[in-house]
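S.K.: Structure: work09.txt, compact mmCIF, C-alpha atoms.
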# COMPACT_ATOMS: atom_id res chain seq x y z
CA MET A 1 75.60 -0.30 14.43
CA PRO A 2 76.79 0.67 17.93
CA ILE A 3 77.06 4.31 18.81
CA SER A 4 80.76 3.97 19.54
CA ASP A 5 81.39 3.38 15.83
CA HIS A 6 80.02 6.86 15.15
CA ALA A 7 81.41 8.70 18.16
CA VAL A 8 81.23 12.47 17.85
CA PRO A 9 84.62 14.03 18.69
CA THR A 10 84.79 16.94 21.11
CA ARG A 11 87.34 19.66 21.55
CA GLU A 12 88.80 20.13 24.99
CA LEU A 13 86.19 21.55 27.35
CA SER A 14 87.50 24.82 28.73
CA VAL A 15 84.68 25.34 31.26
CA PRO A 16 85.24 23.25 34.42
CA PRO A 17 82.24 21.49 35.94
CA SER A 18 80.79 22.63 39.23
CA ARG A 19 81.13 20.10 42.05
CA SER A 20 77.62 20.85 43.20
CA GLY A 21 76.14 20.52 39.71
CA LEU A 22 74.50 23.23 37.64
CA ASN A 23 70.78 22.57 38.05
CA GLY A 24 70.43 23.96 41.55
CA PRO A 25 69.54 27.65 41.73
CA ASP A 26 71.90 30.22 43.18
CA PRO A 27 70.29 32.61 45.68
CA GLY A 28 68.41 35.26 43.71
CA ALA A 29 69.22 33.73 40.32
CA PRO A 30 66.33 33.00 37.92
CA VAL A 31 65.75 29.41 36.84
CA LEU A 32 65.27 28.44 33.18
CA ARG A 33 63.51 25.41 31.76
CA CYS A 34 66.00 23.99 29.28
CA PHE A 35 66.70 21.19 26.83
CA ILE A 36 69.34 20.40 24.21
CA ALA A 37 68.03 20.50 20.67
CA LEU A 38 68.70 20.55 16.97
CA TRP A 39 66.90 23.21 14.91
CA PRO A 40 65.81 22.36 11.37
CA ASP A 41 67.12 24.29 8.41
CA PRO A 42 64.56 26.67 6.82
CA ALA A 43 63.55 24.32 4.00
CA ALA A 44 63.01 21.37 6.36
CA ARG A 45 61.10 23.62 8.77
CA ASP A 46 58.72 24.72 6.00
CA GLN A 47 58.11 21.12 4.91
CA LEU A 48 57.51 19.95 8.47
CA ASP A 49 55.05 22.80 9.02
CA THR A 50 53.18 21.82 5.86
CA LEU A 51 53.10 18.22 7.02
CA ALA A 52 51.78 19.28 10.44
CA ASN A 53 49.00 21.24 8.73
CA ARG A 54 48.01 18.17 6.71
CA LEU A 55 47.98 15.93 9.77
CA GLN A 56 45.90 18.40 11.75
CA GLN A 57 43.14 18.23 9.15
CA ASN A 58 42.62 14.60 10.20
CA ASN A 59 42.98 15.28 13.92
CA ALA A 60 40.24 17.66 15.05
CA GLY A 61 40.98 19.38 18.34
CA SER A 62 44.73 18.84 18.13
CA ARG A 63 47.20 21.69 18.55
CA ARG A 64 49.96 22.29 16.02
CA VAL A 65 53.47 23.05 17.18
CA VAL A 66 54.28 26.57 16.04
CA ARG A 67 56.51 26.55 12.96
CA GLU A 68 59.37 28.39 14.71
CA ASP A 69 59.26 25.89 17.61
CA LEU A 70 59.79 22.72 15.56
CA HIS A 71 62.91 20.92 16.84
CA LEU A 72 64.53 17.61 17.71
CA THR A 73 65.28 17.09 21.40
CA LEU A 74 68.59 15.39 22.21
CA ALA A 75 68.29 15.68 26.00
CA PHE A 76 65.71 17.23 28.32
CA ILE A 77 67.23 19.08 31.27
CA GLY A 78 64.34 20.88 32.94
CA ALA A 79 65.26 23.43 35.61
CA LEU A 80 68.66 25.06 35.14
CA ALA A 81 70.06 28.09 36.96
CA ALA A 82 70.18 30.95 34.44
CA ASN A 83 73.60 32.14 35.56
CA ARG A 84 75.03 28.67 34.89
CA ALA A 85 73.55 28.08 31.45
CA HIS A 86 76.71 29.40 29.77
CA ARG A 87 78.61 26.32 30.99
CA VAL A 88 76.20 24.02 29.20
CA ALA A 89 76.31 26.20 26.08
CA ALA A 90 80.12 26.12 26.11
CA MET A 91 80.07 22.33 26.41
CA LEU A 92 77.82 22.09 23.35
CA GLU A 93 80.08 24.40 21.36
CA ALA A 94 82.92 21.95 22.05
CA ILE A 95 81.08 19.14 20.25
CA ALA A 96 82.49 18.82 16.75
CA ALA A 97 79.14 17.99 15.17
CA PRO A 98 79.30 16.42 11.70
CA HIS A 99 77.11 17.90 8.99
CA PHE A 100 74.77 15.39 7.35
CA ALA A 101 71.20 15.06 6.14
CA TRP A 102 68.67 13.31 8.36
CA ILE A 103 65.84 11.93 6.22
CA LEU A 104 62.37 12.05 7.78
CA ASP A 105 60.07 9.78 5.81
CA ARG A 106 57.38 8.62 8.20
CA VAL A 107 54.76 9.95 10.58
CA GLY A 108 53.24 8.35 13.65
CA GLY A 109 52.11 9.08 17.18
CA PHE A 110 52.55 8.33 20.86
CA ASP A 111 49.28 7.35 22.51
CA ARG A 112 50.26 8.14 26.10
CA ALA A 113 51.71 11.55 25.20
CA HIS A 114 48.85 12.36 22.76
CA VAL A 115 51.24 13.65 20.10
CA ALA A 116 51.83 13.10 16.40
CA TRP A 117 55.40 13.11 15.12
CA ALA A 118 57.63 12.93 12.08
CA GLY A 119 60.69 10.69 12.06
CA GLY A 120 62.83 8.46 9.93
CA THR A 121 65.06 5.44 9.85
CA GLU A 122 67.31 5.25 12.91
CA ASP A 123 70.48 7.22 12.16
CA PRO A 124 73.51 6.36 14.33
CA ARG A 125 74.93 9.83 13.74
CA LEU A 126 71.95 11.39 15.53
CA ALA A 127 72.31 8.89 18.35
CA ALA A 128 76.00 9.79 18.62
CA LEU A 129 75.14 13.49 18.88
CA ALA A 130 72.64 12.79 21.64
CA GLN A 131 75.20 10.63 23.42
CA ALA A 132 77.88 13.33 23.18
CA ALA A 133 75.51 15.94 24.63
CA ARG A 134 74.55 13.63 27.49
CA VAL A 135 78.15 12.75 28.28
CA GLY A 136 78.85 16.49 28.46
CA LEU A 137 75.95 17.01 30.86
CA ASP A 138 77.26 14.18 33.03
CA ALA A 139 80.68 15.84 33.12
CA LEU A 140 79.07 19.08 34.28
CA GLN A 141 76.92 17.19 36.79
CA VAL A 142 73.77 18.54 35.16
CA ALA A 143 70.73 16.36 35.81
CA TYR A 144 68.60 15.41 32.80
CA ASP A 145 65.99 12.89 31.71
CA HIS A 146 67.76 9.60 31.01
CA LYS A 147 65.03 8.11 28.87
CA PRO A 148 66.48 6.46 25.74
CA PHE A 149 66.89 8.82 22.79
CA VAL A 150 64.18 8.36 20.17
CA ALA A 151 64.64 10.67 17.19
CA HIS A 152 61.33 12.36 16.37
CA VAL A 153 59.89 15.82 15.79
CA THR A 154 56.61 16.57 17.53
CA LEU A 155 54.15 18.12 15.07
CA LEU A 156 50.81 17.96 16.92
CA ARG A 157 49.84 17.89 20.59
CA LYS A 158 46.54 16.96 22.25
CA VAL A 159 45.87 14.31 19.62
CA ALA A 160 42.80 12.27 20.58
CA HIS A 161 43.96 9.17 18.68
CA ALA A 162 47.63 8.92 17.84
CA PRO A 163 48.12 8.09 14.15
CA SER A 164 49.62 4.74 13.22
CA PRO A 165 53.08 4.88 11.62
CA GLU A 166 52.97 5.42 7.89
CA ALA A 167 55.25 6.67 5.14
CA CYS A 168 55.32 10.30 4.04
CA ALA A 169 57.18 12.28 1.41
CA PRO A 170 60.87 12.42 2.44
CA ILE A 171 62.12 15.57 4.14
CA ALA A 172 65.89 16.19 4.20
CA TRP A 173 66.98 17.96 7.40
CA SER A 174 70.49 19.41 7.20
CA VAL A 175 71.83 18.64 10.68
CA SER A 176 74.05 21.21 12.38
CA ALA A 177 75.41 21.73 15.89
CA PRO A 178 73.26 21.09 18.98
CA VAL A 179 72.20 24.10 21.02
CA LEU A 180 70.87 24.86 24.48
CA ALA A 181 67.19 25.76 24.15
CA VAL A 182 64.87 27.48 26.59
CA SER A 183 61.16 26.83 27.14
CA GLU A 184 59.18 29.85 28.32
CA ARG A 185 55.71 31.37 28.12
CA ASP A 186 54.95 34.32 25.86
CA GLU A 187 52.67 37.25 26.66
CA HIS A 188 49.64 35.09 25.83
CA GLY A 189 50.67 32.32 28.19
CA ARG A 190 51.68 29.96 25.40
CA VAL A 191 54.82 27.84 25.76
CA ARG A 192 57.46 28.82 23.19
CA TYR A 193 61.03 27.68 22.54
CA ARG A 194 64.14 29.68 21.72
CA PRO A 195 67.90 29.11 21.60
CA TRP A 196 69.61 30.27 24.78
CA SER A 197 71.80 33.36 24.36
CA GLU A 198 74.27 35.07 26.67
CA PRO A 199 72.51 37.96 28.43
CA PRO A 200 74.01 41.44 27.97
CA ALA A 201 76.71 42.39 30.46
CA GLY A 202 75.34 43.71 33.72
CA ILE A 203 72.03 41.79 33.50
Before we go any further, please render this structure as structure tokens.

M.R.:
Amino acid sequence: MPISDHAVPTRELSVPPSRSGLNGPDPGAPVLRCFIALWPDPAARDQLDTLANRLQQNNAGSRRVVREDLHLTLAFIGALAANRAHRVAAMLEAIAAPHFAWILDRVGGFDRAHVAWAGGTEDPRLAALAQAARVGLDALQVAYDHKPFVAHVTLLRKVAHAPSPEACAPIAWSVSAPVLAVSERDEHGRVRYRPWSEPPAGI
């Protein structure tokens, strides 16, 4: 079914786009590495983490995605000026995201990316959410990766041999609103993800 049949309505965007786009850094402003994501509800997160643990037992040398970092990417932005991130966040808040359950009932892998993932039957409502987020980025002139949206949750990285698609016990993910997420390194040098938040006044 075409995405237009499941279009996600948006409220009027109150933040005007910048003519020069939002990716370019302002002098002296820090740059964030960002993407637009959906976070799983706690029950789905626990089940995905358990599934990742099971898959890792059959994939020696692979690296599990940390439980708190499990997510579904709707659009990858990359570099984004920190003092302009609020415009993207405001755009996402204007998306009237429907609440529904996405059923993940299969696992598989991508050979070239060396990852194992969990996914499910194509859901046009997820595709509509990704499309709404990307249309919003276009309106703000924010550059992003235009690769087609493929709904999947990465569970393992550095997989020597990507697993073939197979069924798994269904996991019901209660879908909520998309958020702007930030990729950054922790004190141990590991890449971690977090939802973007408005910095305190004066910072």

S.K.: Could you list, as number ranges by chain, every residue within 12 Å of segment 43-47 of chain A, counting all atoms listed in the file and ignoring same-chain residues fewer than 5 positions away?

M.R.: A: 38, 52-54, 65-72, 101-105, 118, 153, 155, 168-175

S.K.: Which distance in Å separates atom CA of His114 of chain A and atom CA of Val142 of chain A, to one decimal?

M.R.: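 So the answer is 28.5 Å.
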
S.K.: Find the residue from A:Ala160, A:Ala90, A:Leu129, A:Val135 that sits nearest to Ala177 of chain A; use only C-alpha atoms when measuring.

M.R.: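 Among the listed residues, A:Leu129 lies closest to Ala177 of chain A.
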
S.K.: Quick one: pull the distance between atom CA of Ser176 of chain A and atom CA of Ala151 of chain A, Å, one decimal.

M.R.: 14.9 Å

S.K.: Could you state the separation of atom CA of Gln57 of chain A and atom CA of Leu156 of chain A in Å, given to one decimal place?

M.R.: 10.9 Å

S.K.: Counting only C-alpha atoms, figure out which residue out of A:Asp138, A:Val107, A:His152, A:His188 gets nearest to Glu122 of chain A.

M.R.: A:His152
